[in-house]
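Participant: work_21.tsv is the file, holding TSV, C-alpha atoms:
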```
chain	number	residue	atom	x	y	z
A	182	MET	CA	-23.95	7.85	-20.11
A	183	ASN	CA	-23.79	7.06	-16.39
A	184	SER	CA	-20.14	6.81	-15.41
A	185	ASP	CA	-20.75	6.18	-11.69
A	186	GLN	CA	-18.90	3.16	-10.35
A	187	ASN	CA	-17.63	1.70	-7.12
A	188	GLN	CA	-13.89	2.08	-6.60
A	189	HIS	CA	-11.83	0.24	-4.00
A	190	ILE	CA	-9.50	1.95	-1.54
A	191	ILE	CA	-7.61	-1.34	-1.26
A	192	PRO	CA	-7.81	-3.29	-4.53
A	193	GLN	CA	-9.65	-6.60	-4.65
A	194	THR	CA	-6.67	-8.31	-6.29
A	195	TYR	CA	-4.62	-7.46	-3.20
A	196	LEU	CA	-7.30	-8.51	-0.71
A	197	LYS	CA	-7.71	-11.86	-2.45
A	198	GLN	CA	-4.16	-12.76	-1.38
A	199	PHE	CA	-5.46	-12.80	2.21
A	200	GLY	CA	-8.88	-14.26	1.48
A	201	TYR	CA	-10.79	-17.32	0.31
A	202	LYS	CA	-13.82	-18.30	-1.76
A	203	ASP	CA	-16.93	-19.25	0.18
A	204	LYS	CA	-19.25	-22.09	-0.85
A	205	HIS	CA	-21.05	-19.74	-3.24
A	206	GLY	CA	-17.81	-18.78	-5.00
A	207	ARG	CA	-17.66	-15.29	-3.46
A	208	TRP	CA	-14.31	-13.94	-2.30
A	209	ARG	CA	-14.22	-13.14	1.41
A	210	VAL	CA	-11.57	-12.00	3.86
A	211	PRO	CA	-11.64	-12.05	7.69
A	212	VAL	CA	-11.50	-8.54	9.19
A	213	PHE	CA	-11.45	-6.90	12.61
A	214	ASN	CA	-12.93	-3.44	13.08
A	215	ILE	CA	-10.44	-1.70	15.40
A	216	GLU	CA	-13.25	0.24	17.06
A	217	GLN	CA	-14.37	-3.10	18.52
A	218	ILE	CA	-10.93	-4.09	19.82
A	219	PRO	CA	-10.24	-2.54	23.24
A	220	LEU	CA	-6.67	-3.86	23.44
A	221	MET	CA	-4.45	-5.02	20.60
A	222	ASN	CA	-2.98	-7.70	22.89
A	223	ASN	CA	-6.40	-9.15	23.55
A	224	ILE	CA	-8.10	-9.60	20.18
A	225	ASN	CA	-11.32	-11.53	20.68
A	226	LYS	CA	-11.67	-13.85	17.71
A	227	THR	CA	-15.47	-13.71	18.01
A	228	LEU	CA	-15.23	-10.15	16.66
A	229	VAL	CA	-13.96	-11.30	13.28
A	230	LYS	CA	-16.26	-10.64	10.33
A	231	GLN	CA	-16.09	-12.56	7.06
A	232	SER	CA	-16.35	-9.59	4.71
A	233	ASN	CA	-17.21	-9.77	1.03
A	234	ILE	CA	-14.14	-8.43	-0.80
A	235	LYS	CA	-16.35	-6.94	-3.48
A	236	SER	CA	-17.90	-4.49	-1.02
A	237	LEU	CA	-15.06	-3.99	1.48
A	238	LEU	CA	-13.28	-0.59	1.46
A	239	ARG	CA	-15.29	0.63	-1.50
A	240	GLU	CA	-16.62	4.09	-2.35
A	241	GLN	CA	-18.38	5.52	-5.36
A	242	ASN	CA	-16.22	7.57	-7.74
A	243	ILE	CA	-13.64	8.41	-5.07
A	244	TYR	CA	-10.78	8.47	-7.62
A	245	ASP	CA	-12.58	10.34	-10.39
A	246	LEU	CA	-10.75	13.28	-11.98
A	247	SER	CA	-12.37	16.52	-13.03
A	248	GLY	CA	-12.58	17.30	-16.72
A	249	THR	CA	-13.98	15.42	-19.69
A	250	ILE	CA	-15.78	12.07	-19.51
A	251	GLU	CA	-12.80	10.48	-21.26
A	252	ASN	CA	-10.38	11.70	-18.57
A	253	LYS	CA	-12.65	11.15	-15.59
A	254	LYS	CA	-11.62	7.52	-15.00
A	255	HIS	CA	-7.96	7.92	-16.00
A	256	LEU	CA	-6.61	7.39	-12.47
A	257	ASP	CA	-8.86	4.40	-11.80
A	258	ASN	CA	-7.87	2.90	-15.18
A	259	THR	CA	-4.21	3.26	-14.19
A	260	PHE	CA	-4.96	1.31	-11.02
A	261	LYS	CA	-6.55	-1.47	-13.08
A	262	ILE	CA	-3.44	-1.86	-15.27
A	263	LEU	CA	-1.27	-2.31	-12.17
A	264	GLU	CA	-3.78	-4.70	-10.59
A	265	ASP	CA	-3.74	-7.01	-13.63
A	266	CYS	CA	0.01	-7.59	-13.12
A	267	TYR	CA	-0.21	-8.30	-9.41
A	268	PRO	CA	-1.32	-11.98	-9.35
A	269	LEU	CA	1.38	-12.80	-11.91
A	270	ILE	CA	4.05	-11.31	-9.64
A	271	ILE	CA	2.82	-13.32	-6.65
A	272	ASN	CA	2.78	-16.49	-8.78
A	273	GLU	CA	6.37	-15.83	-9.87
A	274	ILE	CA	7.50	-15.51	-6.25
A	275	ASN	CA	5.59	-18.65	-5.28
A	276	GLU	CA	7.15	-20.69	-8.06
A	277	THR	CA	10.73	-19.38	-8.14
A	278	LYS	CA	11.23	-17.99	-4.62
A	279	ARG	CA	12.76	-14.97	-6.34
A	280	ILE	CA	11.63	-11.83	-8.11
A	281	SER	CA	12.91	-10.76	-11.53
A	282	ILE	CA	14.10	-7.22	-12.27
A	283	GLU	CA	11.00	-6.55	-14.38
A	284	SER	CA	8.63	-7.87	-11.74
A	285	LYS	CA	10.47	-5.96	-9.00
A	286	GLN	CA	9.74	-2.65	-10.73
A	287	LYS	CA	6.10	-3.61	-11.30
A	288	LEU	CA	5.76	-4.60	-7.63
A	289	ILE	CA	7.34	-1.33	-6.49
A	290	THR	CA	4.87	0.60	-8.67
A	291	PHE	CA	1.95	-1.43	-7.31
A	292	ILE	CA	3.05	-0.80	-3.70
A	293	SER	CA	3.55	2.92	-4.41
A	294	PHE	CA	-0.02	3.21	-5.64
A	295	LEU	CA	-1.26	1.00	-2.81
A	296	PHE	CA	0.23	3.61	-0.48
A	297	VAL	CA	-1.32	6.66	-2.18
A	298	ARG	CA	-4.78	5.08	-2.49
A	299	THR	CA	-5.30	4.97	1.27
A	300	TYR	CA	-7.40	7.28	3.42
A	301	ASP	CA	-4.18	8.09	5.28
A	302	PHE	CA	-2.41	9.43	2.19
A	303	ARG	CA	-5.57	11.22	1.11
A	304	GLY	CA	-5.27	13.19	4.36
A	305	ILE	CA	-1.62	13.95	3.56
A	306	ALA	CA	-2.58	15.15	0.07
A	307	ASP	CA	-5.30	17.38	1.54
A	308	HIS	CA	-2.74	18.93	3.92
A	309	LEU	CA	-0.18	19.47	1.15
A	310	LEU	CA	-2.67	21.25	-1.06
A	311	LYS	CA	-4.17	23.40	1.68
A	312	SER	CA	-0.69	24.42	2.89
A	313	ARG	CA	0.40	24.97	-0.74
A	314	ASN	CA	3.58	22.98	-0.12
A	315	ARG	CA	5.54	23.85	-3.24
A	316	ASP	CA	8.62	21.88	-2.12
A	317	TYR	CA	6.67	18.62	-2.40
A	318	LEU	CA	4.85	19.68	-5.57
A	319	GLU	CA	8.09	20.73	-7.28
A	320	ALA	CA	9.64	17.38	-6.38
A	321	ILE	CA	6.84	15.20	-7.74
A	322	ILE	CA	5.97	17.35	-10.76
A	323	GLU	CA	9.63	18.01	-11.59
A	324	ASP	CA	9.43	21.76	-11.12
A	325	ASN	CA	6.83	22.23	-13.89
A	326	LYS	CA	5.57	25.60	-12.65
A	327	ASP	CA	2.63	25.81	-15.07
A	328	ARG	CA	1.35	22.40	-14.01
A	329	ILE	CA	1.87	23.23	-10.32
A	330	ASN	CA	0.00	26.53	-10.66
A	331	THR	CA	-2.84	24.76	-12.47
A	332	LEU	CA	-3.06	22.18	-9.67
A	333	LEU	CA	-3.10	24.87	-6.99
A	334	SER	CA	-5.80	26.81	-8.84
A	335	LEU	CA	-8.25	23.91	-8.49
A	336	PRO	CA	-10.48	23.44	-5.44
A	337	VAL	CA	-8.72	21.05	-3.04
A	338	GLU	CA	-11.37	18.34	-3.44
A	339	LYS	CA	-10.76	18.33	-7.21
A	340	ALA	CA	-6.97	18.55	-6.96
A	341	ILE	CA	-6.47	15.65	-4.54
A	342	ASN	CA	-6.81	12.86	-7.10
A	343	PHE	CA	-4.42	14.58	-9.49
A	344	LEU	CA	-1.90	14.82	-6.63
A	345	ILE	CA	-2.46	11.14	-5.79
A	346	GLY	CA	-1.65	10.16	-9.38
A	347	PHE	CA	1.47	12.34	-9.57
A	348	SER	CA	2.61	11.03	-6.17
A	349	GLY	CA	2.19	7.38	-7.09
A	350	PHE	CA	4.41	7.67	-10.14
A	351	TYR	CA	6.98	9.80	-8.32
A	352	ILE	CA	7.22	7.41	-5.35
A	353	SER	CA	7.68	4.43	-7.66
A	354	LYS	CA	10.46	6.32	-9.48
A	355	VAL	CA	12.26	7.01	-6.20
A	356	LEU	CA	11.80	3.47	-4.89
A	357	SER	CA	13.22	2.00	-8.10
A	358	GLN	CA	16.61	2.89	-6.59
A	359	PHE	CA	15.85	0.86	-3.46
A	360	GLU	CA	16.37	-2.82	-2.72
A	361	ILE	CA	13.68	-5.42	-2.04
A	362	THR	CA	13.87	-8.36	0.34
A	363	ILE	CA	11.02	-10.89	0.38
A	364	ILE	CA	10.22	-12.40	3.78
A	365	GLU	CA	8.29	-15.62	4.13
A	366	THR	CA	5.91	-16.10	7.02
A	367	ILE	CA	6.73	-18.64	9.71
A	368	GLU	CA	5.35	-22.17	9.49
A	369	THR	CA	2.45	-21.82	11.94
A	370	GLU	CA	1.27	-18.29	11.06
A	371	LYS	CA	0.39	-16.01	8.15
A	372	TRP	CA	1.00	-12.34	7.45
A	373	ALA	CA	-1.84	-9.93	8.23
A	374	THR	CA	-2.49	-6.57	6.59
A	375	THR	CA	-4.68	-3.51	7.16
A	376	ASP	CA	-6.50	-0.74	5.31
A	377	ASN	CA	-3.18	1.14	5.51
A	378	PRO	CA	-0.95	-1.68	4.27
A	379	VAL	CA	2.35	0.11	3.55
A	380	LEU	CA	4.29	0.83	6.74
A	381	VAL	CA	6.77	3.67	6.15
A	382	GLN	CA	9.61	4.09	8.63
A	383	CYS	CA	12.05	6.96	8.21
A	384	LYS	CA	14.39	9.34	9.95
A	385	ALA	CA	12.16	12.20	11.09
A	386	THR	CA	13.33	15.66	9.96
A	387	GLY	CA	10.07	17.59	10.09
A	388	ASN	CA	9.95	17.91	6.30
A	389	ILE	CA	7.06	15.95	4.81
A	390	ILE	CA	8.93	15.13	1.59
A	391	ASP	CA	11.74	13.45	3.54
A	392	PHE	CA	9.70	10.26	3.84
A	393	LEU	CA	11.28	9.42	0.48
A	394	GLY	CA	14.88	10.01	1.50
A	395	ILE	CA	17.48	7.22	1.53
A	396	ASP	CA	16.82	6.62	5.24
A	397	THR	CA	13.30	5.43	4.45
A	398	GLU	CA	12.37	1.79	5.06
A	399	LEU	CA	9.07	0.23	4.04
A	400	LEU	CA	7.27	-2.93	5.08
A	401	CYS	CA	4.33	-4.25	3.08
A	402	PRO	CA	2.59	-7.63	3.23
A	403	ILE	CA	2.01	-8.71	-0.37
A	404	SER	CA	0.15	-11.94	0.45
A	405	GLN	CA	-0.57	-14.08	3.48
A	406	ASP	CA	2.70	-15.89	2.75
A	407	TYR	CA	5.06	-13.03	1.85
A	408	LEU	CA	6.02	-9.58	3.03
A	409	VAL	CA	8.49	-7.22	1.38
A	410	PHE	CA	11.07	-5.03	3.08
A	411	ILE	CA	12.22	-2.08	0.95
A	412	PHE	CA	15.35	-0.11	1.84
A	413	HIS	CA	18.12	1.96	0.31
A	414	PRO	CA	21.52	0.23	0.36
A	415	ASN	CA	23.43	3.50	0.93
A	416	SER	CA	21.66	4.47	4.13
A	417	THR	CA	23.62	4.21	7.38
A	418	PHE	CA	20.75	5.41	9.55
A	419	SER	CA	19.25	2.03	10.35
A	420	GLN	CA	20.79	-1.11	11.81
A	421	ASN	CA	17.68	-3.11	10.93
A	422	GLU	CA	18.60	-6.78	10.84
A	423	LEU	CA	16.33	-7.27	7.81
A	424	ARG	CA	19.06	-5.53	5.80
A	425	LYS	CA	21.22	-8.60	6.27
A	426	LEU	CA	18.83	-10.83	4.33
A	427	HIS	CA	19.22	-11.72	0.65
A	428	THR	CA	17.70	-9.20	-1.75
A	429	ASN	CA	15.34	-10.15	-4.60
A	430	GLU	CA	14.61	-13.55	-3.10
A	431	VAL	CA	12.58	-15.23	-0.39
A	432	ASN	CA	14.07	-15.32	3.12
A	433	LYS	CA	13.06	-17.09	6.31
A	434	ILE	CA	13.10	-15.33	9.69
A	435	SER	CA	12.77	-16.29	13.36
A	436	ILE	CA	9.49	-16.42	15.27
A	437	GLY	CA	10.61	-13.49	17.40
A	438	LEU	CA	11.31	-11.28	14.38
A	439	TYR	CA	8.04	-12.33	12.75
A	440	GLU	CA	6.08	-11.30	15.85
A	441	SER	CA	7.90	-7.97	16.04
A	442	ILE	CA	6.99	-7.15	12.44
A	443	TRP	CA	3.41	-8.44	12.81
A	444	TYR	CA	2.63	-6.11	15.71
A	445	LYS	CA	4.08	-3.13	13.84
A	446	LEU	CA	1.83	-3.86	10.88
A	447	VAL	CA	-1.38	-4.09	12.92
A	448	ASP	CA	-0.65	-1.32	15.43
A	449	LYS	CA	-3.95	0.49	16.01
A	450	SER	CA	-2.31	3.90	15.73
A	451	ARG	CA	-1.78	3.43	11.98
A	452	VAL	CA	-4.98	1.56	11.09
A	453	THR	CA	-7.89	3.59	9.74
A	454	LYS	CA	-10.60	1.03	10.50
A	455	TYR	CA	-9.80	-2.56	9.52
A	456	ILE	CA	-7.19	-5.16	10.36
A	457	ILE	CA	-7.33	-7.81	7.66
A	458	VAL	CA	-6.24	-11.16	8.99
A	459	PRO	CA	-5.18	-14.06	6.79
A	460	SER	CA	-7.53	-16.90	6.01
A	461	MET	CA	-6.27	-20.39	6.64
A	462	ASN	CA	-8.99	-21.61	4.24
A	463	LYS	CA	-7.08	-20.53	1.13
```
Take the structure in the file and give it back as structure tokens.

Facilitator:
Amino acid sequence: MNSDQNQHIIPQTYLKQFGYKDKHGRWRVPVFNIEQIPLMNNINKTLVKQSNIKSLLREQNIYDLSGTIENKKHLDNTFKILEDCYPLIINEINETKRISIESKQKLITFISFLFVRTYDFRGIADHLLKSRNRDYLEAIIEDNKDRINTLLSLPVEKAINFLIGFSGFYISKVLSQFEITIIETIETEKWATTDNPVLVQCKATGNIIDFLGIDTELLCPISQDYLVFIFHPNSTFSQNELRKLHTNEVNKISIGLYESIWYKLVDKSRVTKYIIVPSMNK
């Protein structure tokens, strides 16, 4: 049986929140290739490409696990379960302007896996495995020495996807202790996203696992209309004014604050290849 299949770095269900259906019923999203943008402050709109979501950010078998045929697609199947919940969460926010406790945890898990699916995190995982960073491995695998030793015995290219899966669940467990604020876009604009959609801001300590400490703050567009800000209520590190907004519900912000966030999200230094701009056609 041929188990080859195309797997998306950024899931289609997420991209659809920024896209539209063309006249043939195909989902498309407008994208800029950053290699064609000389200056972020001078984006030439003629460079936009209407990309087919089905083929954008897609690679064959990139998330396959080693082992039996039955286990090979386990990580990709986990992604699919999370993706099925996503449109329902966005609909809930649209209709109620709030997020329930159950949906909050599902959204946090979706965002955690959105983060670990990226090329950027794949590079982090590669570094962790090659450096044999046991501090990180012991944190995410709960000090299970046998499982850690098994992971480190594998070739790096085979171990990466296992580490991605462990990391996704661990990050979602940590972030379940954080608060969520939902931020609505301003009237005349829409949120953009990228191929590295989760912006992680934290107090730098030089220790790679500290990106999950209580001083961590995350920004993630979840649709062209909404962005979430995730933070720990006990941190005193940041004076971010977003902390003053109401948690678990939709908030409005000023044009100035919107622009400040927008440029952080699309900063070329954190984009692998694509800036995904919202479609006003939706």

Participant: Report as JSON, numbers by chain all protein, DNA and RNA residues lying within 12 Å of Leu269 of chain A, evaluated on all atoms listed in the file, omitting residues in the same chain fewer than 3 positions from it.

Facilitator: {"A": [194, 195, 198, 263, 264, 265, 266, 272, 273, 274, 275, 276, 280, 281, 283, 284, 285, 287, 288]}

Participant: Take the selection from the previous step and output its residues with C-alpha atoms, as an mmCIF file, in the coordinates of the input.

Facilitator:
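Contents of part30.cif, as written:
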```cif
data_model
loop_
_atom_site.group_PDB
_atom_site.id
_atom_site.type_symbol
_atom_site.label_atom_id
_atom_site.label_comp_id
_atom_site.auth_asym_id
_atom_site.auth_seq_id
_atom_site.Cartn_x
_atom_site.Cartn_y
_atom_site.Cartn_z
ATOM 1 C CA THR A 194 -6.670 -8.310 -6.290
ATOM 2 C CA TYR A 195 -4.620 -7.460 -3.200
ATOM 3 C CA GLN A 198 -4.160 -12.760 -1.380
ATOM 4 C CA LEU A 263 -1.270 -2.310 -12.170
ATOM 5 C CA GLU A 264 -3.780 -4.700 -10.590
ATOM 6 C CA ASP A 265 -3.740 -7.010 -13.630
ATOM 7 C CA CYS A 266 0.010 -7.590 -13.120
ATOM 8 C CA ASN A 272 2.780 -16.490 -8.780
ATOM 9 C CA GLU A 273 6.370 -15.830 -9.870
ATOM 10 C CA ILE A 274 7.500 -15.510 -6.250
ATOM 11 C CA ASN A 275 5.590 -18.650 -5.280
ATOM 12 C CA GLU A 276 7.150 -20.690 -8.060
ATOM 13 C CA ILE A 280 11.630 -11.830 -8.110
ATOM 14 C CA SER A 281 12.910 -10.760 -11.530
ATOM 15 C CA GLU A 283 11.000 -6.550 -14.380
ATOM 16 C CA SER A 284 8.630 -7.870 -11.740
ATOM 17 C CA LYS A 285 10.470 -5.960 -9.000
ATOM 18 C CA LYS A 287 6.100 -3.610 -11.300
ATOM 19 C CA LEU A 288 5.760 -4.600 -7.630
#
```

Participant: Using all atoms listed in the file, which of the listed residues (A:Leu446, A:Lys371, A:Ile363, A:Tyr455) sits closest to Phe410 of chain A?

Facilitator: A:Ile363

Participant: Given the choices A:Val210, A:Val381, A:Leu426, A:Val458, which gets closest to Phe296 of chain A if the distance is worked out from all atoms listed in the file?

Facilitator: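 Of A:Val210, A:Val381, A:Leu426, A:Val458, the one nearest Phe296 of chain A, counting all atoms listed in the file, is A:Val381.
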
Participant: Ranking A:Leu335, A:Asp396, A:Ile403, A:Ile434 by minimum distance to Thr417 of chain A and counting only C-alpha atoms, which one comes first?

Facilitator: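 The answer is A:Asp396, which sits nearest to Thr417 of chain A.
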
Participant: One decimal, in Å: what's the spacing between atom CA of Ser353 of chain A and atom CA of Lys311 of chain A?

Facilitator: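 So the answer is 24.2 Å.
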
Participant: Counting only C-alpha atoms, what is within 8 Å of Ile190 of chain A, bar same-chain residues fewer than 6 positions away, as a PyMOL selection string?

Facilitator: chain A and resi 238-240+298-300+376

Participant: Write the residues you've just listed into a file as a CSV table (one decimal), keeping the file's coordinate frame, and include C-alpha atoms for each of them.

Facilitator:
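Everything below was put into again03.csv:
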```
chain,number,residue,atom,x,y,z
A,238,LEU,CA,-13.3,-0.6,1.5
A,239,ARG,CA,-15.3,0.6,-1.5
A,240,GLU,CA,-16.6,4.1,-2.4
A,298,ARG,CA,-4.8,5.1,-2.5
A,299,THR,CA,-5.3,5.0,1.3
A,300,TYR,CA,-7.4,7.3,3.4
A,376,ASP,CA,-6.5,-0.7,5.3
```

Participant: Which residue gives the smallest distance to Gln186 of chain A among A:Lys204, A:Lys433, A:Arg313, A:Lys253, with all atoms listed in the file counted?

Facilitator: A:Lys253

Participant: Can you work out the spacing between atom CA of Ile292 of chain A and atom CA of Val379 of chain A in Å, to one decimal?

Facilitator: 7.3 Å
